[in-house]
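Asker: Here you go, run-v6.cif (mmCIF, C-alpha atoms):
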data_work
loop_
_atom_site.label_atom_id
_atom_site.label_comp_id
_atom_site.auth_asym_id
_atom_site.auth_seq_id
_atom_site.Cartn_x
_atom_site.Cartn_y
_atom_site.Cartn_z
CA MET A 1 -31.59 -12.35 -3.38
CA ASN A 2 -28.28 -14.12 -4.06
CA ALA A 3 -26.06 -15.14 -1.19
CA VAL A 4 -23.06 -13.50 -2.85
CA THR A 5 -24.68 -10.09 -3.14
CA ALA A 6 -26.91 -10.11 -0.08
CA GLU A 7 -25.70 -8.55 3.15
CA HIS A 8 -27.20 -10.47 6.02
CA PRO A 9 -27.63 -8.56 9.32
CA ARG A 10 -25.76 -11.35 11.13
CA LEU A 11 -22.79 -10.88 8.78
CA ARG A 12 -22.77 -7.12 9.45
CA ARG A 13 -22.67 -7.78 13.18
CA ALA A 14 -19.97 -10.46 12.76
CA SER A 15 -17.77 -8.20 10.63
CA GLY A 16 -18.22 -5.20 12.91
CA PHE A 17 -16.24 -6.71 15.78
CA PRO A 18 -13.00 -7.44 13.86
CA VAL A 19 -13.07 -3.99 12.24
CA THR A 20 -13.57 -2.31 15.62
CA ALA A 21 -10.82 -4.40 17.22
CA LEU A 22 -8.43 -3.69 14.33
CA ALA A 23 -9.21 0.04 14.53
CA ALA A 24 -8.27 -0.08 18.22
CA LEU A 25 -5.06 -1.95 17.28
CA LEU A 26 -4.25 0.79 14.77
CA LEU A 27 -4.74 3.47 17.43
CA VAL A 28 -2.37 1.66 19.81
CA ALA A 29 0.18 1.19 17.01
CA ALA A 30 -0.02 4.90 16.16
CA ILE A 31 0.69 5.94 19.77
CA ILE A 32 3.61 3.50 19.95
CA GLY A 33 4.89 4.81 16.63
CA MET A 34 4.81 8.42 17.85
CA ALA A 35 6.50 7.44 21.12
CA SER A 36 9.35 5.54 19.41
CA GLY A 37 12.49 7.08 17.99
CA ALA A 38 15.93 8.39 18.82
CA MET A 39 14.30 10.41 21.62
CA PRO A 40 11.82 7.98 23.25
CA LEU A 41 8.65 9.40 24.76
CA GLY A 42 5.97 7.94 27.00
CA ALA A 43 2.47 7.20 25.77
CA SER A 44 1.11 9.82 28.18
CA GLU A 45 3.42 12.46 26.69
CA VAL A 46 2.19 11.60 23.19
CA VAL A 47 -1.47 11.69 24.19
CA GLY A 48 -0.88 14.94 26.11
CA ALA A 49 0.75 16.59 23.10
CA LEU A 50 -2.14 15.57 20.85
CA TRP A 51 -4.69 16.76 23.41
CA ARG A 52 -3.01 20.18 23.79
CA TRP A 53 -2.85 20.49 20.00
CA LEU A 54 -6.53 19.60 19.50
CA THR A 55 -7.78 21.81 22.32
CA GLY A 56 -5.54 24.79 21.53
CA GLN A 57 -3.69 24.73 24.86
CA ALA A 58 -0.13 26.02 25.32
CA MET A 59 2.49 23.65 23.91
CA GLN A 60 5.31 22.08 25.90
CA ALA A 61 8.92 21.59 24.84
CA ASP A 62 8.59 18.02 23.49
CA ASP A 63 5.30 18.60 21.70
CA ALA A 64 7.04 19.73 18.50
CA VAL A 65 8.72 16.33 18.20
CA VAL A 66 5.32 14.64 18.23
CA LEU A 67 3.36 17.13 16.15
CA MET A 68 5.89 18.24 13.54
CA LEU A 69 8.01 15.11 13.08
CA ARG A 70 6.29 11.93 14.20
CA LEU A 71 2.58 12.61 13.64
CA PRO A 72 2.88 13.27 9.88
CA ARG A 73 5.20 10.28 9.59
CA VAL A 74 2.74 7.97 11.38
CA LEU A 75 -0.15 9.28 9.27
CA MET A 76 1.88 8.69 6.10
CA ALA A 77 2.66 5.13 7.27
CA THR A 78 -1.04 4.62 7.95
CA LEU A 79 -2.06 5.65 4.46
CA VAL A 80 0.77 3.83 2.67
CA GLY A 81 0.22 0.57 4.59
CA ALA A 82 -3.55 0.74 4.07
CA ALA A 83 -3.17 1.56 0.37
CA LEU A 84 -0.73 -1.28 -0.32
CA ALA A 85 -2.69 -3.89 1.66
CA CYS A 86 -6.11 -2.91 0.31
CA SER A 87 -4.75 -2.81 -3.25
CA GLY A 88 -3.19 -6.25 -2.74
CA ALA A 89 -6.48 -7.72 -1.51
CA THR A 90 -8.26 -6.18 -4.50
CA MET A 91 -5.78 -7.52 -7.04
CA GLN A 92 -5.84 -11.01 -5.50
CA GLY A 93 -9.62 -11.04 -5.73
CA LEU A 94 -9.63 -9.61 -9.24
CA PHE A 95 -7.15 -12.15 -10.59
CA ARG A 96 -8.42 -14.96 -8.33
CA ASN A 97 -4.79 -15.68 -7.51
CA PRO A 98 -3.41 -15.60 -3.92
CA LEU A 99 0.13 -14.84 -5.12
CA VAL A 100 -0.73 -11.57 -6.86
CA GLU A 101 0.22 -8.18 -5.45
CA PRO A 102 -0.07 -4.66 -6.96
CA GLY A 103 3.51 -4.73 -8.21
CA LEU A 104 2.73 -7.62 -10.55
CA VAL A 105 0.97 -5.30 -13.02
CA GLY A 106 4.11 -3.17 -13.26
CA VAL A 107 3.13 -0.27 -11.01
CA SER A 108 6.04 -0.60 -8.55
CA ALA A 109 8.68 -1.20 -11.22
CA GLY A 110 7.30 1.65 -13.33
CA ALA A 111 7.38 4.00 -10.36
CA ALA A 112 10.94 2.90 -9.59
CA LEU A 113 12.02 3.59 -13.16
CA GLY A 114 10.40 7.03 -13.15
CA ALA A 115 11.84 8.10 -9.81
CA ILE A 116 15.33 6.75 -10.42
CA GLY A 117 15.30 8.27 -13.91
CA MET A 118 14.61 11.66 -12.31
CA ILE A 119 17.35 11.13 -9.70
CA VAL A 120 19.98 10.21 -12.29
CA LEU A 121 18.95 12.23 -15.35
CA GLY A 122 16.71 14.98 -14.01
CA GLY A 123 19.26 17.13 -12.22
CA GLY A 124 18.98 19.87 -14.84
CA VAL A 125 15.18 19.88 -14.67
CA LEU A 126 15.11 19.99 -10.87
CA SER A 127 17.70 22.78 -10.73
CA VAL A 128 15.48 25.23 -12.66
CA LEU A 129 12.34 24.50 -10.65
CA PRO A 130 11.40 26.43 -7.49
CA ARG A 131 12.59 24.64 -4.35
CA VAL A 132 9.04 23.64 -3.35
CA LEU A 133 8.35 22.02 -6.72
CA ALA A 134 11.81 20.47 -6.96
CA SER A 135 11.27 18.67 -3.63
CA PHE A 136 8.38 16.78 -5.27
CA GLY A 137 10.15 16.15 -8.57
CA VAL A 138 11.29 12.59 -7.82
CA ALA A 139 7.93 11.64 -6.29
CA ALA A 140 6.04 13.10 -9.24
CA ALA A 141 8.22 11.17 -11.70
CA GLY A 142 7.63 7.99 -9.71
CA PHE A 143 3.88 8.57 -9.68
CA VAL A 144 3.75 9.15 -13.44
CA GLY A 145 5.99 6.12 -14.05
CA GLY A 146 3.73 3.84 -12.02
CA LEU A 147 0.57 4.95 -13.79
CA ALA A 148 2.25 4.76 -17.22
CA ALA A 149 3.45 1.19 -16.62
CA THR A 150 -0.02 0.13 -15.49
CA ALA A 151 -1.61 1.80 -18.53
CA VAL A 152 0.73 -0.09 -20.88
CA VAL A 153 -0.07 -3.38 -19.14
CA TYR A 154 -3.80 -2.70 -19.38
CA LEU A 155 -3.64 -1.70 -23.06
CA ILE A 156 -1.76 -4.89 -23.88
CA GLY A 157 -4.20 -6.95 -21.83
CA SER A 158 -7.25 -5.31 -23.43
CA ARG A 159 -6.21 -6.61 -26.87
CA ARG A 160 -6.68 -10.16 -25.61
CA PRO A 161 -9.20 -10.06 -22.75
CA GLY A 162 -8.44 -12.30 -19.81
CA VAL A 163 -6.50 -12.13 -16.56
CA ALA A 164 -3.70 -14.37 -17.91
CA THR A 165 -2.75 -11.81 -20.56
CA LEU A 166 -2.69 -9.03 -17.95
CA LEU A 167 -0.44 -11.04 -15.67
CA LEU A 168 1.98 -11.97 -18.45
CA ALA A 169 2.07 -8.37 -19.69
CA GLY A 170 2.80 -7.26 -16.13
CA VAL A 171 5.70 -9.69 -15.87
CA ALA A 172 7.15 -8.38 -19.15
CA ILE A 173 6.77 -4.70 -18.17
CA ASN A 174 8.33 -5.44 -14.79
CA ALA A 175 11.34 -7.02 -16.51
CA ILE A 176 11.73 -4.09 -18.93
CA ALA A 177 11.40 -1.49 -16.16
CA MET A 178 13.89 -3.26 -13.91
CA ALA A 179 16.32 -3.46 -16.83
CA GLY A 180 16.01 0.32 -17.11
CA VAL A 181 16.58 0.67 -13.37
CA GLY A 182 19.72 -1.45 -13.70
CA ALA A 183 21.06 0.70 -16.54
CA LEU A 184 20.37 3.92 -14.62
CA THR A 185 22.02 2.49 -11.50
CA PHE A 186 25.10 1.67 -13.57
CA ALA A 187 25.22 5.24 -14.89
CA ALA A 188 24.65 6.92 -11.48
CA ASN A 189 27.41 8.69 -9.58
CA GLU A 190 28.21 8.06 -5.92
CA HIS A 191 25.81 10.70 -4.57
CA GLN A 192 22.99 9.48 -6.81
CA LEU A 193 23.64 5.86 -5.80
CA ARG A 194 23.07 6.77 -2.15
CA ASP A 195 19.77 8.46 -2.99
CA LEU A 196 18.41 5.74 -5.20
CA SER A 197 19.47 2.89 -2.89
CA PHE A 198 17.37 4.37 -0.07
CA TRP A 199 14.50 4.95 -2.49
CA THR A 200 14.51 1.38 -3.86
CA LEU A 201 14.52 -0.06 -0.32
CA GLY A 202 11.70 2.21 0.87
CA SER A 203 11.77 4.84 3.58
CA LEU A 204 9.40 7.20 5.38
CA GLY A 205 12.28 9.55 6.20
CA GLY A 206 11.73 13.14 5.15
CA THR A 207 7.97 12.93 5.63
CA ASP A 208 6.47 16.24 6.72
CA TRP A 209 3.05 17.84 6.61
CA SER A 210 3.50 19.25 3.10
CA ARG A 211 4.40 15.84 1.64
CA PHE A 212 1.57 14.19 3.54
CA PHE A 213 -1.10 16.62 2.35
CA ALA A 214 0.24 16.48 -1.22
CA VAL A 215 -0.21 12.73 -1.52
CA ALA A 216 -3.01 11.91 0.94
CA PRO A 217 -5.96 12.53 -1.46
CA LEU A 218 -4.43 10.14 -4.02
CA MET A 219 -4.59 7.30 -1.47
CA VAL A 220 -7.70 8.28 0.49
CA LEU A 221 -9.90 8.31 -2.63
CA PRO A 222 -9.11 4.69 -3.69
CA LEU A 223 -9.35 3.53 -0.07
CA CYS A 224 -12.88 4.92 0.07
CA LEU A 225 -13.93 3.54 -3.33
CA LEU A 226 -12.42 0.04 -3.36
CA PRO A 227 -14.67 -1.37 -0.58
CA ARG A 228 -17.70 -0.30 -2.66
CA HIS A 229 -16.74 -3.11 -5.08
CA ALA A 230 -16.62 -5.81 -2.40
CA ARG A 231 -19.76 -7.62 -3.58
CA ALA A 232 -18.54 -7.57 -7.19
CA LEU A 233 -15.22 -9.08 -6.08
CA ASN A 234 -17.13 -11.77 -4.19
CA ALA A 235 -19.04 -12.55 -7.38
CA LEU A 236 -15.80 -12.71 -9.39
CA LEU A 237 -14.56 -15.45 -7.08
CA LEU A 238 -17.22 -17.64 -8.70
CA GLY A 239 -15.90 -16.87 -12.21
CA GLU A 240 -16.46 -14.13 -14.79
CA GLN A 241 -19.47 -15.82 -16.40
CA GLU A 242 -21.13 -16.29 -13.03
CA ALA A 243 -20.38 -12.66 -12.11
CA ALA A 244 -21.99 -11.52 -15.38
CA LEU A 245 -25.06 -13.63 -14.62
CA LEU A 246 -25.31 -11.90 -11.24
CA GLY A 247 -25.46 -8.52 -12.99
CA PHE A 248 -21.84 -7.37 -12.85
CA HIS A 249 -19.76 -6.32 -15.86
CA PRO A 250 -16.39 -8.10 -15.48
CA GLU A 251 -14.45 -6.02 -18.03
CA ARG A 252 -15.69 -2.69 -16.69
CA LEU A 253 -15.10 -3.88 -13.13
CA ARG A 254 -11.55 -4.97 -14.00
CA ARG A 255 -10.79 -1.56 -15.51
CA GLN A 256 -12.12 0.34 -12.49
CA LEU A 257 -10.34 -1.81 -9.93
CA ILE A 258 -7.00 -1.66 -11.74
CA VAL A 259 -7.26 2.14 -11.98
CA TRP A 260 -7.99 2.60 -8.25
CA ALA A 261 -5.38 0.06 -7.14
CA ALA A 262 -2.74 1.56 -9.46
CA LEU A 263 -3.53 5.09 -8.26
CA ALA A 264 -3.16 4.15 -4.59
CA THR A 265 -0.02 2.08 -5.16
CA SER A 266 1.65 4.65 -7.42
CA ALA A 267 1.08 7.40 -4.86
CA ALA A 268 2.44 5.21 -2.04
CA VAL A 269 5.52 4.09 -3.98
CA ALA A 270 6.20 7.59 -5.34
CA MET A 271 6.41 9.09 -1.83
CA CYS A 272 8.03 6.26 0.14
CA GLY A 273 9.81 4.06 -2.40
CA VAL A 274 9.32 0.36 -2.99
CA ILE A 275 7.97 -1.32 0.16
CA GLY A 276 7.47 -4.96 -0.68
CA PHE A 277 5.31 -7.78 0.64
CA VAL A 278 2.67 -5.65 2.45
CA GLY A 279 0.21 -6.13 -0.41
CA LEU A 280 0.92 -9.86 -0.47
CA LEU A 281 1.22 -10.70 3.20
CA VAL A 282 -1.63 -8.79 4.84
CA PRO A 283 -4.58 -10.07 2.73
CA HIS A 284 -3.51 -13.64 3.46
CA VAL A 285 -3.45 -12.99 7.19
CA VAL A 286 -6.96 -11.55 7.03
CA ARG A 287 -8.23 -14.34 4.77
CA MET A 288 -6.89 -17.01 7.12
CA ALA A 289 -8.44 -15.29 10.14
CA TRP A 290 -11.87 -14.28 8.81
CA GLY A 291 -12.37 -15.86 5.41
CA PRO A 292 -12.49 -14.51 1.82
CA ASP A 293 -15.54 -12.21 2.04
CA HIS A 294 -14.31 -8.92 0.57
CA ARG A 295 -16.81 -6.92 2.65
CA LEU A 296 -14.54 -7.67 5.60
CA LEU A 297 -11.32 -8.52 3.74
CA LEU A 298 -10.82 -5.03 2.27
CA PRO A 299 -11.30 -2.86 5.41
CA ALA A 300 -9.51 -5.37 7.64
CA SER A 301 -6.55 -5.52 5.23
CA ALA A 302 -6.35 -1.73 5.22
CA LEU A 303 -6.32 -1.56 9.03
CA ILE A 304 -3.75 -4.35 9.47
CA GLY A 305 -1.57 -2.97 6.67
CA ALA A 306 -1.55 0.44 8.35
CA SER A 307 -0.66 -1.06 11.74
CA LEU A 308 2.04 -3.25 10.19
CA LEU A 309 3.76 -0.35 8.44
CA ILE A 310 3.63 1.87 11.55
CA GLY A 311 5.26 -0.95 13.54
CA ALA A 312 7.87 -1.63 10.84
CA ASP A 313 8.74 2.08 10.67
CA ALA A 314 9.11 2.25 14.46
CA VAL A 315 11.48 -0.73 14.39
CA ALA A 316 13.41 0.81 11.49
CA ARG A 317 13.95 4.01 13.52
CA VAL A 318 14.91 2.29 16.77
CA VAL A 319 16.97 -0.76 15.86
CA VAL A 320 19.99 1.18 14.53
CA ALA A 321 19.32 4.59 16.17
CA PRO A 322 20.32 7.36 15.64
CA THR A 323 20.34 6.31 11.95
CA GLU A 324 17.44 4.55 10.23
CA LEU A 325 17.13 1.17 8.58
CA PRO A 326 15.21 1.22 5.25
CA ILE A 327 11.67 0.10 6.00
CA GLY A 328 11.70 -2.22 2.99
CA VAL A 329 14.28 -4.34 4.81
CA ILE A 330 11.86 -4.85 7.73
CA THR A 331 8.90 -5.77 5.52
CA ALA A 332 11.09 -8.11 3.44
CA LEU A 333 12.28 -9.89 6.59
CA LEU A 334 8.63 -10.46 7.51
CA GLY A 335 7.24 -11.10 4.05
CA GLY A 336 9.99 -13.28 2.59
CA PRO A 337 9.63 -16.19 5.05
CA PHE A 338 5.83 -15.85 4.88
CA PHE A 339 5.93 -16.06 1.09
CA LEU A 340 8.05 -19.23 1.21
CA TRP A 341 5.70 -20.74 3.78
CA LEU A 342 2.76 -19.87 1.54
CA LEU A 343 4.38 -21.52 -1.47
CA LEU A 344 5.05 -24.72 0.51
CA ARG A 345 1.51 -24.67 1.90
CA LEU A 346 0.00 -24.34 -1.58
CA ARG A 347 2.23 -27.10 -2.91
CA ILE A 348 1.14 -29.41 -0.12
CA GLY A 349 -2.48 -28.45 -0.71
CA GLU A 350 -2.18 -29.26 -4.42
CA SER A 351 -0.53 -32.62 -3.77
CA THR A 352 -3.27 -33.64 -1.36
#
Any chance you could give the structure as structure tokens?

Answerer:
Amino acid sequence: MNAVTAEHPRLRRASGFPVTALAALLLVAAIIGMASGAMPLGASEVVGALWRWLTGQAMQADDAVVLMLRLPRVLMATLVGAALACSGATMQGLFRNPLVEPGLVGVSAGAALGAIGMIVLGGGVLSVLPRVLASFGVAAAGFVGGLAATAVVYLIGSRRPGVATLLLAGVAINAIAMAGVGALTFAANEHQLRDLSFWTLGSLGGTDWSRFFAVAPLMVLPLCLLPRHARALNALLLGEQEAALLGFHPERLRRQLIVWAALATSAAVAMCGVIGFVGLLVPHVVRMAWGPDHRLLLPASALIGASLLIGADAVARVVVAPTELPIGVITALLGGPFFLWLLLRLRIGEST
């Protein structure tokens, strides 16, 4: 049995500890996230509210803050952070390029174009829809835009098989979509500018149970399916010919992985706007800590991405309370310096 595809019992034991530790970290981050905000709460109050809710006991006055406002927001941050980080790790493995993130195949720019197009031009459409459907109009347009951009990139790339064509097509679609975003921003009025500026910088504001349950399946499904391709991604690290010799079908694998990553990323961006650098930063942290094995890289990236976004959202709510800082500003402040450090590190590595 090949070393790439075999799962040694020692490796299972070795990978179990980091996953357990990171799951515990996520639990701590979730409690801190629910305790943070304009009205700070203690960890015991948060745990007490959750316990009363789960056991059906009588609620106390502050429980509604935890259960109706902060719990759905923390769960949304968990799914969005996990989806972006796991998709980033998948795309980096698929393209065998450490500087790739989901947005490079056009999904983020396409979602931005769809959502901002609905904000600026879709007022008439939203006004005739029932209020429940209209509240999802911008998110739905963003979701469709992200999938459409990815489909165009894939169709272009399929005419000339190879990861280089996909990457170049993604760069072109990104440029076209951002040009459209610029034109729509120029045409927007003052009220629309305020809406789209918050959307382009990312925000978890406005998250409630209805929005969470509407989008959760679209991120949970890829998060469950992507780790099933971990061995195939390990084989792709050796090259497409080597992966084919090991029994994998590179073209079919590429199509499946792009679909799942695009679905998770489109759903995340459609609900919370463009939140950059999570898909780039987190896989590198995991790879530096535990190596490139995707059997650990994918679940660990999902757990760290979820913890990171919960922490960033808590900071965004506290640092300028009672208002909120866009969460994309927090992730950019973390990811920008890391990206520059990564570029310098790669340059030094190439020169040596």

Asker: If you apply the PyMOL selection byres ((chain A and resi 258) around 9) to this file, what residues do you get, as a PyMOL selection string?

Answerer: chain A and resi 87+90-91+94+102+105+150+154+253-257+259-263

Asker: Keeping only C-alpha atoms, write the selected residues to a file as an mmCIF file, in the coordinates of the input.

Answerer:
data_model
loop_
_atom_site.group_PDB
_atom_site.id
_atom_site.type_symbol
_atom_site.label_atom_id
_atom_site.label_comp_id
_atom_site.auth_asym_id
_atom_site.auth_seq_id
_atom_site.Cartn_x
_atom_site.Cartn_y
_atom_site.Cartn_z
ATOM 1 C CA SER A 87 -4.750 -2.810 -3.250
ATOM 2 C CA THR A 90 -8.260 -6.180 -4.500
ATOM 3 C CA MET A 91 -5.780 -7.520 -7.040
ATOM 4 C CA LEU A 94 -9.630 -9.610 -9.240
ATOM 5 C CA PRO A 102 -0.070 -4.660 -6.960
ATOM 6 C CA VAL A 105 0.970 -5.300 -13.020
ATOM 7 C CA THR A 150 -0.020 0.130 -15.490
ATOM 8 C CA TYR A 154 -3.800 -2.700 -19.380
ATOM 9 C CA LEU A 253 -15.100 -3.880 -13.130
ATOM 10 C CA ARG A 254 -11.550 -4.970 -14.000
ATOM 11 C CA ARG A 255 -10.790 -1.560 -15.510
ATOM 12 C CA GLN A 256 -12.120 0.340 -12.490
ATOM 13 C CA LEU A 257 -10.340 -1.810 -9.930
ATOM 14 C CA VAL A 259 -7.260 2.140 -11.980
ATOM 15 C CA TRP A 260 -7.990 2.600 -8.250
ATOM 16 C CA ALA A 261 -5.380 0.060 -7.140
ATOM 17 C CA ALA A 262 -2.740 1.560 -9.460
ATOM 18 C CA LEU A 263 -3.530 5.090 -8.260
#

Asker: Have a look at A:Ala109, A:Thr207, A:Phe277, A:Gly145 and name the one nearest to Ala175 of chain A; count only C-alpha atoms.

Answerer: A:Ala109

Asker: Which of these residues is nearest to Arg317 of chain A, using all atoms listed in the file: A:Arg211, A:Arg73, A:His284, A:Arg228?

Answerer: A:Arg73

Asker: Would you pick out the contacts of Leu184 of chain A at 8 Å or less, using all atoms listed in the file, so that residues sharing its chain but fewer than 5 positions from it are not included, and give the list as a list in words?

Answerer: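 In the requested form, the answer reads Ile116, Gly117 and Val120 of chain A.
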
Asker: So how many Å separate atom CA of Gly146 of chain A and atom CA of His229 of chain A, to one decimal?

Answerer: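 It comes out at 22.7 Å.
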